[in-house]
Structure formats: C-alpha cells, structure tokens
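Notes follow once the structure below has been shown.
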Amino acid sequence: MTAQMDEKIIPIYQEVLARNPGEVEFHQAVREVLESLGPVLTKHPEFAHYKIIERICEPERQIIFRVPWVDHQGKVQINRGFRVEFNSALGPYKGGLRFHPSVYLGIIKFLGFEQIFKNSLTGLPIGGGKGGSDFDPKGKTDGEVMRFCQSFMTELYRHIGEHTDVPAGDIGVGGREIGFMFGQYKRITNRWEAGVLTGKGLNWGGSLVRTEATGYGAAYFVDEMLKVRGESFDGKTCVVSGSGNVAIYTIEKIHQLGGKVVACSDSSGYIYDEKGIDLELVQQLKEIERRRIEAYVDYRKHAKYITKGNIWEVPCQVAMPSATQNEINGKDAALLVKNGCIAVGEGANMPTTPEGVKIFLDAKIAYGPGKAANAGGVATSALEMQQNAVRDSWDFEETEARLHKIMKNVHRDCFEMAEKYGAPGNYVIGANIAGFIKVARAMLAMGVV
Ligand code: NDP
Ligand code: 2IT
C-alpha cells in the first residue's frame, strides 16, 4: 500500500469501512486523504477533539431516487439517480453529475469526497457534492437523452438551488445534458435561476472558458510543476488518455505550450500519431459526430489504432490521465517511469491506483493528484456562478487569466504545504493537507453541525 496511516486515524478509517460496506472507490479516496492527516492532528488537537475527520467522512445528505423514462421503442426504462451532498462548510454543495453504467453509490461518494478538498483548494466559496446515474448515454438518441434528463431533474430539482447545491457536468454529462436539465428545472420551478447549474450554453448564462477549463487548468498545473524543476512543456512528448471534454482541452493547451501529444484513447482502444494528434479532427469526431476514436485512422492514414491497447505503453515525458478512475495501475506507473516520464498530471479523478501513486512518489517524478491538477473545471464553474450572481459575462481573455491565476495558486498552496509538513515535492500530502485545513477551520467555527 501507500504511506502509513497514523495510529490516531486508523480507528476512524476502520469505522468508514464498517459503515460503508462494498464502496471500494470511496474507501480508496478516504484512505488516501487520511494517510496524509496524521501530522495535522498532532499540530491541531482541536480537530480531533471536535471529530472533524469523522464528520468530513460522513456526507451531510445522500439522495437516491428512481428515474423512469420511455425509450425510442416505447419501452419503459428505469435507472437510479444519486446526489450526495457531502460538505457545505465553505459554500453550497458543488460538483458534477456523472452518467455512466458503472455508477453506484460508492463512485458518487468517492467523487463527492474528493470534491470537498478540490473545491477548498480553489480558494472559492464552494462546498463539495456529486451526483449522477447508471444511465448510459452511449447509442441513445437525443430524444432519449432529453427524456432521461427531464425525468432525472423532476426529482433532483427539489434538492438543488443557487444557494443550496449547484450541479455541473462530468463523464457523460456535457452541454447537451445541462441544457435539457436546465430547461426542466426552469419549467418546474418557474424560475430562470442561472446559478443552479454550471456548464450552461454561452447565450443562456454559461461562462466562456468553462468548456476548456479542466483541461487547460490541468496543463497549467503541470506547467507549474515543470517550472519548479527548471523544465517546460516545450518539445516534450506527451500522452493524454480519454478523448472527452477533459482530454480534448488538455491536448489543446499542451500544444499551445509547445508540447506534442502523440496518443489519446477511449474505452475501446488508443490512437498513436507520431506527428502529433490532430485536435480539430478529434473534436469533429467526438464533439460533433459523437463517434469512436477509432475513426481517426480513417482520416490520418499514417496514424495507428490499437484495439484494447494500453495507452501507458506509449513512451512519453508527460502523462495526463483524463478518462476515469484507476486507469493507471502499478505496472503502468512502473512502465511510464521506465520509459522516461518525468511528470504526471491527473485530469481525471483518482486515475492512479495506490500502487501506482507509490511508484510515482518513490521515483520522485512530478506527480499532480487530481484534486489539485483538475481543480480548474470546478473553479471556472465558480466563476460562472459569480457572473450569474451579478448578471454579467466576462470575455475569454479575462476568464482564462483568472483560471490561470487560480491554478498557479493551487500549485503554490500544495507546494508550500508539502514543504511545511516536511514532505517537499509531494503534492499528494500538500493537496490533502491544504484542502483539509480550510474546511476543518470553517467546520470548527460553525460548531457541531
Ligand atoms: P467525457 O464523458 O467527456 O469523456 C470521458 C472519456 O473517458 C471518454 O473518452 C471515455 O471513453 C473515457 N472513459 C470514461 N469511462 C471510462 C472507463 N470506465 N474506461 C475507459 N475509458 C473511459 O468526460 P470528462 O472528460 O468530463 O471526464 C473525464 C475525467 O475527468 C473523469 O474522471 C471526470 O471525473 C474528470 N473531471 C471532469 C471535469 C469536467 O469539468 N468535466 C472536472 C474535473 C475532473 P468512452 O467514450 O469509450 O466511454
Ligand atoms: O470533478 C469535477 O470537478 C467536475 N466534474 C466539475 C464539477 C463542477 O461543478 O464544475
């Protein structure tokens, strides 16, 4: 496993295991944070006295609901919907909705738990939450997706609001789904309440740069880690897994910063293009035509498609996992390091297994964990909320400059906190402690609630 857990914290973790049986991803996310917190409790006995860690591990509210809808053949379908409102010490619950067949409570809870610390790291007033459904948007018609989203919102609307809980996108939820959900929320409540959802369209309350924000932010974070080491993206060979929202804009920013991305993927396989990925083509295939990444090689004959291939076998200096949880295991991590990888920035949430994280940390490469590296998406959601609150919209340059500054600050806070706690260069410890302390202080101030 990874680091040792402090003996004061072991019973807390055991209680989490006992109270949440079978939720393995949630256990993994909690363990990774708790392993960093021993020295914090030693320094701050008041956090232990007021059971801050125990309270943070228990969601404030968990909502599970039926989502019935009618498919294009007239058949009734039933999915399960979730919203876990984890922690509201710093602001309204904030976090995305994931639509993917693998979704169950353990995945939503791992994501919601991570979101608490990520949102804290942004420095903006947002609490942590997450939601979603086991609905699979793949292969569904626009009409089916609309009816599903309307049914989902017909229950969710009573739990959310601009000052309560503000959902956004995640895997399987992008601009199309946010539009259908916003339309249904508006209809049911008779309120044009922009701040209830983020990731909206640009002509109805959305913010410029939100679409690009997670990928851009992740590349900025890696750029900061490289700078500390006297390096830059310039001329570096990079690999970005996934080919969805986060992957696409990670590739774009890496190319702007002088790197060359040679491979990206979806759940069926990966493409390798030694000349550098043609991003316009990927966008056409994925964002407009909604096709598989395999189609890339129909247009770029020199490129290769490797069915069911492992993208981490492609030698690179910078790796940015941007698909899903646990996509890099110990063997993949060892292979990346062996092939000369010097930096890993996680666009996805928890994409590296604990064994993989240990290998990156032991090799002392620059490793930016998701809750820090991918914070740019939710940060720009918070900027969207700010614009909505004052009925304003900022231009692209201003919004991107704010995102860039936020990512520099997230990097600096993690870096400095790691040094302060005697673990220089360890962004896992830095992110966990910096994210935790802000939430813990707020909870302490608010009493036992
Ligand atoms: P998208 O739905 O746009 O794209 C997801 C991509 O990952 C697709 O290429 C998909 O391939 C692949 N993928 C998804 N699930 C799996 C799986 N189980 N196995 C293999 N590949 C998979 O999602 P996003 O780009 O928005 O999200 C990607 C990651 O980034 C997630 O971990 C998400 O939590 C995280 N994230 C997203 C943010 C955002 O603002 N959107 C913010 C911060 C983090 P396929 O089409 O074959 O399923
Ligand atoms: O994991 C994440 O941070 C997101 N999916 C974005 C959440 C948001 O509210 O913008």
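Chain labels follow the order of the structure tokens: the first chain is A, the next B, and so on; residue numbering restarts at 1 in every chain, and ligands are counted from 1 in their shown order.
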
Hey, what's within 8 Å of segment 201-213 of chain A if we count only C-alpha atoms and toss same-chain stuff fewer than 5 positions away? As a CSV table (one decimal) with all heavy atoms, in the first residue's frame, please?
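Final file, around-v3.csv:
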chain,number,residue,atom,x,y,z
A,175,GLY,N,-22.6,19.9,-22.4
A,175,GLY,CA,-23.6,21.0,-22.7
A,175,GLY,C,-25.0,20.5,-23.1
A,175,GLY,O,-26.0,21.1,-22.6
A,179,GLY,N,-28.3,21.5,-20.8
A,179,GLY,CA,-29.4,22.2,-21.4
A,179,GLY,C,-30.7,21.6,-21.1
A,179,GLY,O,-31.7,22.3,-20.7
A,194,ALA,N,-30.1,31.2,-13.1
A,194,ALA,CA,-28.9,30.7,-13.8
A,194,ALA,C,-28.0,30.0,-12.9
A,194,ALA,O,-27.4,29.0,-13.3
A,194,ALA,CB,-28.2,32.0,-14.4
A,245,ASN,N,-14.2,15.6,-22.9
A,245,ASN,CA,-14.1,17.1,-22.6
A,245,ASN,C,-12.7,17.4,-22.0
A,245,ASN,O,-12.0,18.3,-22.5
A,245,ASN,CB,-15.2,17.5,-21.6
A,245,ASN,CG,-14.9,19.0,-21.1
A,245,ASN,OD1,-14.4,19.2,-20.1
A,245,ASN,ND2,-15.3,19.9,-21.9
A,246,VAL,N,-12.3,16.7,-21.0
A,246,VAL,CA,-11.0,17.0,-20.3
A,246,VAL,C,-9.8,16.7,-21.2
A,246,VAL,O,-8.9,17.5,-21.4
A,246,VAL,CB,-10.9,16.2,-19.0
A,246,VAL,CG1,-9.6,16.5,-18.3
A,246,VAL,CG2,-12.1,16.6,-18.0
A,249,TYR,N,-9.3,19.4,-24.2
A,249,TYR,CA,-8.7,20.7,-23.9
A,249,TYR,C,-7.4,20.6,-23.2
A,249,TYR,O,-6.6,21.6,-23.2
A,249,TYR,CB,-9.8,21.6,-23.2
A,249,TYR,CG,-10.9,21.8,-24.2
A,249,TYR,CD1,-12.1,21.1,-24.2
A,249,TYR,CD2,-10.7,22.8,-25.2
A,249,TYR,CE1,-13.0,21.2,-25.2
A,249,TYR,CE2,-11.7,22.9,-26.2
A,249,TYR,CZ,-12.9,22.2,-26.2
A,249,TYR,OH,-13.8,22.3,-27.1
A,376,GLY,N,-9.3,23.2,-12.0
A,376,GLY,CA,-9.7,24.3,-12.9
A,376,GLY,C,-11.1,24.3,-13.4
A,376,GLY,O,-11.7,25.3,-13.7
A,377,GLY,N,-11.7,23.1,-13.6
A,377,GLY,CA,-13.0,22.9,-14.1
A,377,GLY,C,-14.0,23.5,-13.1
A,377,GLY,O,-14.8,24.4,-13.4
A,380,THR,N,-13.7,27.3,-12.5
A,380,THR,CA,-14.4,28.1,-13.5
A,380,THR,C,-15.9,28.0,-13.4
A,380,THR,O,-16.6,28.9,-13.8
A,380,THR,CB,-13.9,27.7,-14.9
A,380,THR,OG1,-12.4,27.8,-14.9
A,380,THR,CG2,-14.3,28.7,-16.0
A,381,SER,N,-16.4,26.9,-12.9
A,381,SER,CA,-17.8,26.8,-12.5
A,381,SER,C,-18.1,27.9,-11.5
A,381,SER,O,-19.2,28.5,-11.6
A,381,SER,CB,-18.2,25.4,-12.0
A,381,SER,OG,-18.4,24.5,-13.0
A,383,LEU,N,-16.6,30.6,-11.1
A,383,LEU,CA,-16.5,31.9,-11.9
A,383,LEU,C,-17.8,32.1,-12.6
A,383,LEU,O,-18.3,33.3,-12.7
A,383,LEU,CB,-15.3,32.0,-12.8
A,383,LEU,CG,-13.9,31.8,-12.2
A,383,LEU,CD1,-12.9,32.0,-13.3
A,383,LEU,CD2,-13.7,32.9,-11.1
A,384,GLU,N,-18.4,31.0,-13.2
A,384,GLU,CA,-19.7,31.1,-13.8
A,384,GLU,C,-20.8,31.6,-12.8
A,384,GLU,O,-21.6,32.4,-13.1
A,384,GLU,CB,-20.1,29.8,-14.5
A,384,GLU,CG,-21.4,29.8,-15.2
A,384,GLU,CD,-21.6,28.5,-16.0
A,384,GLU,OE1,-20.6,27.8,-16.5
A,384,GLU,OE2,-22.8,28.1,-16.2
A,387,GLN,N,-20.5,35.3,-12.2
A,387,GLN,CA,-21.0,36.1,-13.3
A,387,GLN,C,-22.6,36.1,-13.3
A,387,GLN,O,-23.2,37.1,-13.5
A,387,GLN,CB,-20.5,35.6,-14.7
A,387,GLN,CG,-19.0,35.8,-14.8
A,387,GLN,CD,-18.5,35.0,-16.0
A,387,GLN,OE1,-18.6,35.4,-17.2
A,387,GLN,NE2,-17.8,33.9,-15.7
A,388,ASN,N,-23.1,34.9,-13.0
A,388,ASN,CA,-24.6,34.8,-12.9
A,388,ASN,C,-25.1,35.6,-11.8
A,388,ASN,O,-26.2,36.3,-11.9
A,388,ASN,CB,-25.0,33.3,-12.6
A,388,ASN,CG,-24.7,32.4,-13.8
A,388,ASN,OD1,-24.5,31.1,-13.6
A,388,ASN,ND2,-24.6,32.9,-15.0
A,393,SER,N,-21.1,38.9,-17.9
A,393,SER,CA,-20.3,37.9,-18.6
A,393,SER,C,-19.0,38.5,-19.0
A,393,SER,O,-18.9,39.6,-19.5
A,393,SER,CB,-21.0,37.3,-19.7
A,393,SER,OG,-21.4,38.2,-20.7
A,394,TRP,N,-17.9,37.8,-18.6
A,394,TRP,CA,-16.6,38.3,-18.9
A,394,TRP,C,-16.1,37.8,-20.2
A,394,TRP,O,-16.5,36.7,-20.6
A,394,TRP,CB,-15.6,37.9,-17.7
A,394,TRP,CG,-16.1,38.2,-16.4
A,394,TRP,CD1,-16.9,39.2,-16.0
A,394,TRP,CD2,-15.9,37.4,-15.2
A,394,TRP,NE1,-17.2,39.2,-14.6
A,394,TRP,CE2,-16.5,38.1,-14.1
A,394,TRP,CE3,-15.1,36.2,-14.9
A,394,TRP,CZ2,-16.5,37.6,-12.8
A,394,TRP,CZ3,-15.1,35.8,-13.6
A,394,TRP,CH2,-15.8,36.4,-12.6
A,395,ASP,N,-15.1,38.4,-20.8
A,395,ASP,CA,-14.6,37.9,-22.1
A,395,ASP,C,-13.6,36.8,-21.8
A,395,ASP,O,-13.2,36.5,-20.7
A,395,ASP,CB,-14.0,39.0,-22.9
A,395,ASP,CG,-12.8,39.7,-22.3
A,395,ASP,OD1,-12.1,39.0,-21.5
A,395,ASP,OD2,-12.5,40.9,-22.5
A,396,PHE,N,-13.2,36.1,-22.9
A,396,PHE,CA,-12.4,34.9,-22.8
A,396,PHE,C,-11.1,35.2,-22.1
A,396,PHE,O,-10.7,34.4,-21.2
A,396,PHE,CB,-12.2,34.3,-24.3
A,396,PHE,CG,-11.7,32.9,-24.3
A,396,PHE,CD1,-12.6,31.9,-24.4
A,396,PHE,CD2,-10.3,32.6,-24.1
A,396,PHE,CE1,-12.2,30.5,-24.4
A,396,PHE,CE2,-9.9,31.3,-24.1
A,396,PHE,CZ,-10.8,30.3,-24.3
A,399,THR,N,-11.4,35.7,-18.4
A,399,THR,CA,-11.8,34.5,-17.7
A,399,THR,C,-10.6,33.5,-17.6
A,399,THR,O,-10.3,32.9,-16.6
A,399,THR,CB,-13.0,33.9,-18.3
A,399,THR,OG1,-13.9,34.9,-18.6
A,399,THR,CG2,-13.7,32.9,-17.4
A,400,GLU,N,-9.9,33.4,-18.8
A,400,GLU,CA,-8.8,32.5,-18.8
A,400,GLU,C,-7.6,33.0,-17.9
A,400,GLU,O,-7.0,32.2,-17.2
A,400,GLU,CB,-8.3,32.3,-20.2
A,400,GLU,CG,-7.3,31.1,-20.3
A,400,GLU,CD,-6.6,30.9,-21.6
A,400,GLU,OE1,-6.8,31.7,-22.5
A,400,GLU,OE2,-5.8,29.9,-21.7
A,403,LEU,N,-8.5,31.9,-14.5
A,403,LEU,CA,-8.3,30.4,-14.3
A,403,LEU,C,-6.8,30.2,-14.1
A,403,LEU,O,-6.4,29.4,-13.2
A,403,LEU,CB,-8.8,29.7,-15.6
A,403,LEU,CG,-8.3,28.2,-15.7
A,403,LEU,CD1,-8.9,27.3,-14.6
A,403,LEU,CD2,-8.8,27.6,-17.1

* Asked: Using only C-alpha atoms and all ligand atoms, which protein or nucleic acid residues are at most 6 Å from ligand 1, as a list in words?
  ->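 Checked against 6 Å with only C-alpha atoms and all ligand atoms; the hits are Gly169, Asp170, Ile171, Gly172, Thr214, Gly242, Ser243, Gly244, Asn245, Val246, Ala247, Asp266, Ser267, Ser268, Ser322, Ala323, Thr324, Gln325, Gly347, Ala348, Asn349, Asn374 and Gly377 of chain A.
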
* Asked: Could you pull out all residues of segment 82-196 of chain A with a DSSP call of alpha helix (DSSP H) and give them as an MDAnalysis selection string?
  -> chainID A and resid 105:121 142:156 175:189

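In this comparison, which uses only C-alpha atoms, the residue of A:Gly447, A:Gly370, A:Pro45, A:Gly430 approaching Ala218 of chain A most closely is A:Gly370.
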
* Please provide the set of residues having any atom within 6 Å of Ala263 of chain A, restricted to only C-alpha atoms, with same-chain residues fewer than 6 positions apart removed, written as a ChimeraX atom specification. => /A:239,271-272

Restricting the output to all heavy atoms, write the selected residues as a tab-separated table (two decimals), in the first residue's frame.
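Generated file (part.tsv):
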chain	number	residue	atom	x	y	z
A	239	VAL	N	1.36	12.07	-23.52
A	239	VAL	CA	0.26	11.14	-23.75
A	239	VAL	C	-0.91	11.57	-22.87
A	239	VAL	O	-0.74	11.86	-21.69
A	239	VAL	CB	0.69	9.69	-23.42
A	239	VAL	CG1	-0.52	8.77	-23.35
A	239	VAL	CG2	1.67	9.18	-24.46
A	271	ILE	N	-5.27	5.70	-30.04
A	271	ILE	CA	-4.64	6.04	-31.32
A	271	ILE	C	-3.25	6.59	-31.04
A	271	ILE	O	-3.02	7.25	-30.02
A	271	ILE	CB	-5.46	7.07	-32.13
A	271	ILE	CG1	-5.82	8.30	-31.30
A	271	ILE	CG2	-6.71	6.44	-32.72
A	271	ILE	CD1	-6.28	9.47	-32.12
A	272	TYR	N	-2.33	6.29	-31.97
A	272	TYR	CA	-0.97	6.79	-31.87
A	272	TYR	C	-0.67	7.54	-33.15
A	272	TYR	O	-0.81	6.99	-34.24
A	272	TYR	CB	0.02	5.63	-31.68
A	272	TYR	CG	1.46	6.08	-31.69
A	272	TYR	CD1	1.99	6.77	-30.60
A	272	TYR	CD2	2.28	5.86	-32.78
A	272	TYR	CE1	3.32	7.22	-30.61
A	272	TYR	CE2	3.61	6.30	-32.80
A	272	TYR	CZ	4.11	6.99	-31.71
A	272	TYR	OH	5.41	7.43	-31.73

* Asked: Which is closest to Lys358 of chain A among A:Gly22, A:Trp192, A:Phe436, A:Asn329, if we use only C-alpha atoms?
  ->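 Between A:Gly22, A:Trp192, A:Phe436, A:Asn329, the residue approaching Lys358 of chain A most closely is A:Asn329.
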
* To do: Quick one: everything within 12 Å of Arg229 of chain A, counting only C-alpha atoms, minus sequence neighbours fewer than 3 positions away in the same chain. Send it as a list in words.
  => Val222, Asp223, Glu224, Met225, Leu226, Ser232, Phe233, Ile342, Ala343, Lys364, Ile365, Ala366 and Gly425 of chain A

Next, the residues of the selection above should be written as a compact mmCIF listing (two decimals), in the first residue's frame with all heavy atoms.
# COMPACT_ATOMS: atom_id res chain seq x y z
N VAL A 222 0.54 21.26 -14.57
CA VAL A 222 1.76 20.53 -14.93
C VAL A 222 2.86 21.51 -15.31
O VAL A 222 4.03 21.34 -14.93
CB VAL A 222 1.47 19.53 -16.08
CG1 VAL A 222 2.77 18.95 -16.63
CG2 VAL A 222 0.55 18.41 -15.59
N ASP A 223 2.49 22.56 -16.01
CA ASP A 223 3.47 23.59 -16.39
C ASP A 223 4.16 24.16 -15.14
O ASP A 223 5.38 24.36 -15.12
CB ASP A 223 2.72 24.70 -17.16
CG ASP A 223 3.66 25.65 -17.87
OD1 ASP A 223 4.67 25.18 -18.42
OD2 ASP A 223 3.39 26.87 -17.86
N GLU A 224 3.35 24.40 -14.09
CA GLU A 224 3.92 24.91 -12.83
C GLU A 224 4.86 23.89 -12.21
O GLU A 224 5.94 24.24 -11.72
CB GLU A 224 2.80 25.26 -11.83
CG GLU A 224 1.94 26.45 -12.24
CD GLU A 224 2.74 27.74 -12.37
OE1 GLU A 224 3.46 28.10 -11.42
OE2 GLU A 224 2.66 28.39 -13.44
N MET A 225 4.46 22.61 -12.21
CA MET A 225 5.33 21.57 -11.63
C MET A 225 6.64 21.47 -12.40
O MET A 225 7.70 21.26 -11.82
CB MET A 225 4.63 20.19 -11.65
CG MET A 225 3.42 20.07 -10.75
SD MET A 225 2.97 18.34 -10.41
CE MET A 225 2.65 17.70 -12.05
N LEU A 226 6.53 21.60 -13.73
CA LEU A 226 7.74 21.52 -14.56
C LEU A 226 8.66 22.71 -14.28
O LEU A 226 9.88 22.55 -14.18
CB LEU A 226 7.36 21.47 -16.05
CG LEU A 226 6.71 20.17 -16.54
CD1 LEU A 226 6.15 20.33 -17.96
CD2 LEU A 226 7.71 19.00 -16.50
N SER A 232 9.98 22.72 -18.97
CA SER A 232 8.74 23.25 -19.53
C SER A 232 8.16 22.21 -20.49
O SER A 232 8.78 21.17 -20.73
CB SER A 232 9.01 24.55 -20.29
OG SER A 232 9.58 24.24 -21.55
N PHE A 233 6.97 22.49 -21.03
CA PHE A 233 6.36 21.57 -21.98
C PHE A 233 7.10 21.56 -23.32
O PHE A 233 6.94 20.65 -24.13
CB PHE A 233 4.90 21.99 -22.26
CG PHE A 233 3.89 21.29 -21.40
CD1 PHE A 233 3.15 21.98 -20.45
CD2 PHE A 233 3.64 19.92 -21.57
CE1 PHE A 233 2.20 21.33 -19.67
CE2 PHE A 233 2.69 19.27 -20.81
CZ PHE A 233 1.96 19.98 -19.85
N ILE A 342 8.58 12.14 -16.72
CA ILE A 342 9.04 12.97 -15.59
C ILE A 342 7.91 13.72 -14.91
O ILE A 342 8.10 14.32 -13.86
CB ILE A 342 10.11 13.99 -16.05
CG1 ILE A 342 9.56 14.91 -17.14
CG2 ILE A 342 11.39 13.29 -16.50
CD1 ILE A 342 10.35 16.20 -17.28
N ALA A 343 6.71 13.72 -15.52
CA ALA A 343 5.59 14.43 -14.89
C ALA A 343 4.26 13.74 -15.23
O ALA A 343 4.05 13.31 -16.37
CB ALA A 343 5.55 15.88 -15.36
N LYS A 364 10.15 9.96 -7.42
CA LYS A 364 10.31 11.42 -7.28
C LYS A 364 10.08 12.17 -8.60
O LYS A 364 10.71 13.20 -8.87
CB LYS A 364 11.68 11.78 -6.68
CG LYS A 364 11.86 11.22 -5.26
CD LYS A 364 12.77 12.09 -4.42
CE LYS A 364 12.88 11.63 -2.98
NZ LYS A 364 11.63 11.51 -2.25
N ILE A 365 9.18 11.67 -9.42
CA ILE A 365 8.77 12.44 -10.59
C ILE A 365 7.74 13.47 -10.11
O ILE A 365 7.24 13.38 -8.98
CB ILE A 365 8.19 11.56 -11.73
CG1 ILE A 365 6.85 10.94 -11.32
CG2 ILE A 365 9.19 10.48 -12.15
CD1 ILE A 365 6.10 10.36 -12.50
N ALA A 366 7.42 14.47 -10.95
CA ALA A 366 6.41 15.47 -10.57
C ALA A 366 5.04 14.82 -10.73
O ALA A 366 4.63 14.52 -11.85
CB ALA A 366 6.55 16.69 -11.47
N GLY A 425 7.98 18.56 -2.36
CA GLY A 425 7.75 17.95 -3.67
C GLY A 425 6.62 16.94 -3.71
O GLY A 425 6.26 16.46 -4.78

* Choose the residue, out of A:Lys94, A:Arg290, A:His72, A:Arg83, that has the smallest atom-to-atom separation from ligand 2; count only C-alpha atoms and all ligand atoms. => A:Lys94

* Close residues, Gln184 of chain A itself excluded, 6 Å, only C-alpha atoms, min 3 positions apart in chain, as an NGL selection string -> :A and (150 or 181 or 187)

* To do: Please provide as number ranges by chain all residues within 10 Å of Phe47 of chain A, with the sequence filter that same-chain residues fewer than 3 positions apart are discarded (counting only C-alpha atoms).
  => A: 40-44, 50-54, 437, 440-441, 443-444

Filtered DSSP result for segment 189-356 of chain A, state strand (DSSP E or B), as a PDB file with C-alpha atoms, in the first residue's frame:
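Result file follows (out-v2.pdb):
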ATOM      1  CA  THR A 237       6.296  14.134 -25.963  1.00  0.00           C
ATOM      2  CA  CYS A 238       3.006  13.739 -24.097  1.00  0.00           C
ATOM      3  CA  VAL A 239       0.256  11.144 -23.750  1.00  0.00           C
ATOM      4  CA  VAL A 240      -3.318  12.072 -22.753  1.00  0.00           C
ATOM      5  CA  LYS A 260       3.423  17.288 -28.620  1.00  0.00           C
ATOM      6  CA  VAL A 261       0.613  14.858 -27.731  1.00  0.00           C
ATOM      7  CA  VAL A 262       1.114  11.596 -29.621  1.00  0.00           C
ATOM      8  CA  ALA A 263      -1.671   9.407 -28.189  1.00  0.00           C
ATOM      9  CA  CYS A 264      -5.218   9.594 -26.827  1.00  0.00           C
ATOM     10  CA  SER A 265      -7.940   6.989 -26.281  1.00  0.00           C
ATOM     11  CA  ASP A 266     -11.458   5.912 -25.430  1.00  0.00           C
ATOM     12  CA  GLY A 269      -8.542   1.474 -27.579  1.00  0.00           C
ATOM     13  CA  TYR A 270      -5.996   4.174 -28.304  1.00  0.00           C
ATOM     14  CA  ILE A 271      -4.642   6.037 -31.315  1.00  0.00           C
ATOM     15  CA  TYR A 272      -0.966   6.792 -31.868  1.00  0.00           C
ATOM     16  CA  LYS A 304      -2.294   3.675 -35.763  1.00  0.00           C
ATOM     17  CA  TYR A 305      -5.306   2.444 -33.806  1.00  0.00           C
ATOM     18  CA  ILE A 306      -4.587  -0.185 -31.160  1.00  0.00           C
ATOM     19  CA  THR A 307      -7.769  -2.001 -30.194  1.00  0.00           C
ATOM     20  CA  VAL A 318       4.481  13.845 -19.618  1.00  0.00           C
ATOM     21  CA  ALA A 319       1.399  11.687 -18.958  1.00  0.00           C
ATOM     22  CA  MET A 320      -2.031  13.185 -18.317  1.00  0.00           C
ATOM     23  CA  ILE A 328      -3.087   3.611 -14.218  1.00  0.00           C
ATOM     24  CA  ALA A 343       5.590  14.426 -14.893  1.00  0.00           C
ATOM     25  CA  VAL A 344       2.057  13.105 -14.387  1.00  0.00           C
ATOM     26  CA  GLY A 345      -0.906  15.481 -14.099  1.00  0.00           C
ATOM     27  CA  THR A 352      -3.954   6.210 -10.441  1.00  0.00           C
TER      28      THR A 352
END

* Pairwise distance for atom CA of Ile64 of chain A and atom CA of Glu25 of chain A, rounded to one decimal in Å ->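 According to the coordinates, atom CA of Ile64 of chain A and atom CA of Glu25 of chain A are separated by 18.0 Å.
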
* Asked: With only C-alpha atoms as the atoms that count, which of A:Lys130, A:Lys109, A:Arg147, A:Arg292 lies nearest to Asn20 of chain A?
  ->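 Answer, going by the shortest atom-to-atom distance: A:Lys109.
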
* **Distance query Gly259 of chain A at most 6 Å, only C-alpha atoms, self and fewer than 5 positions along chain excluded, as number ranges by chain** => A: 233-236, 254

* For ligand 2, which residue out of A:Ala379, A:Gly368, A:Tyr185, A:Pro315 is the nearest one, using only C-alpha atoms and all ligand atoms? ->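 The shortest atom-to-atom distance to ligand 2 comes from A:Ala379.
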
* To do: Find, counting only C-alpha atoms, the residue in A:Val84, A:Asp142, A:Ile107, A:Ile248 that gets nearest to Gln284 of chain A.
  =>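 That would be A:Ile248, the residue with the smallest distance to Gln284 of chain A.
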
* Between atom CA of Glu193 of chain A and atom CA of Tyr104 of chain A, measure the distance and give it in Å to one decimal. =>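 So the two atoms, atom CA of Glu193 of chain A and atom CA of Tyr104 of chain A, lie 29.1 Å apart.
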
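One finds atom CA of Gly132 of chain A at 12.2 Å from atom 2 (C, counted along the ligand's line) of ligand 2.
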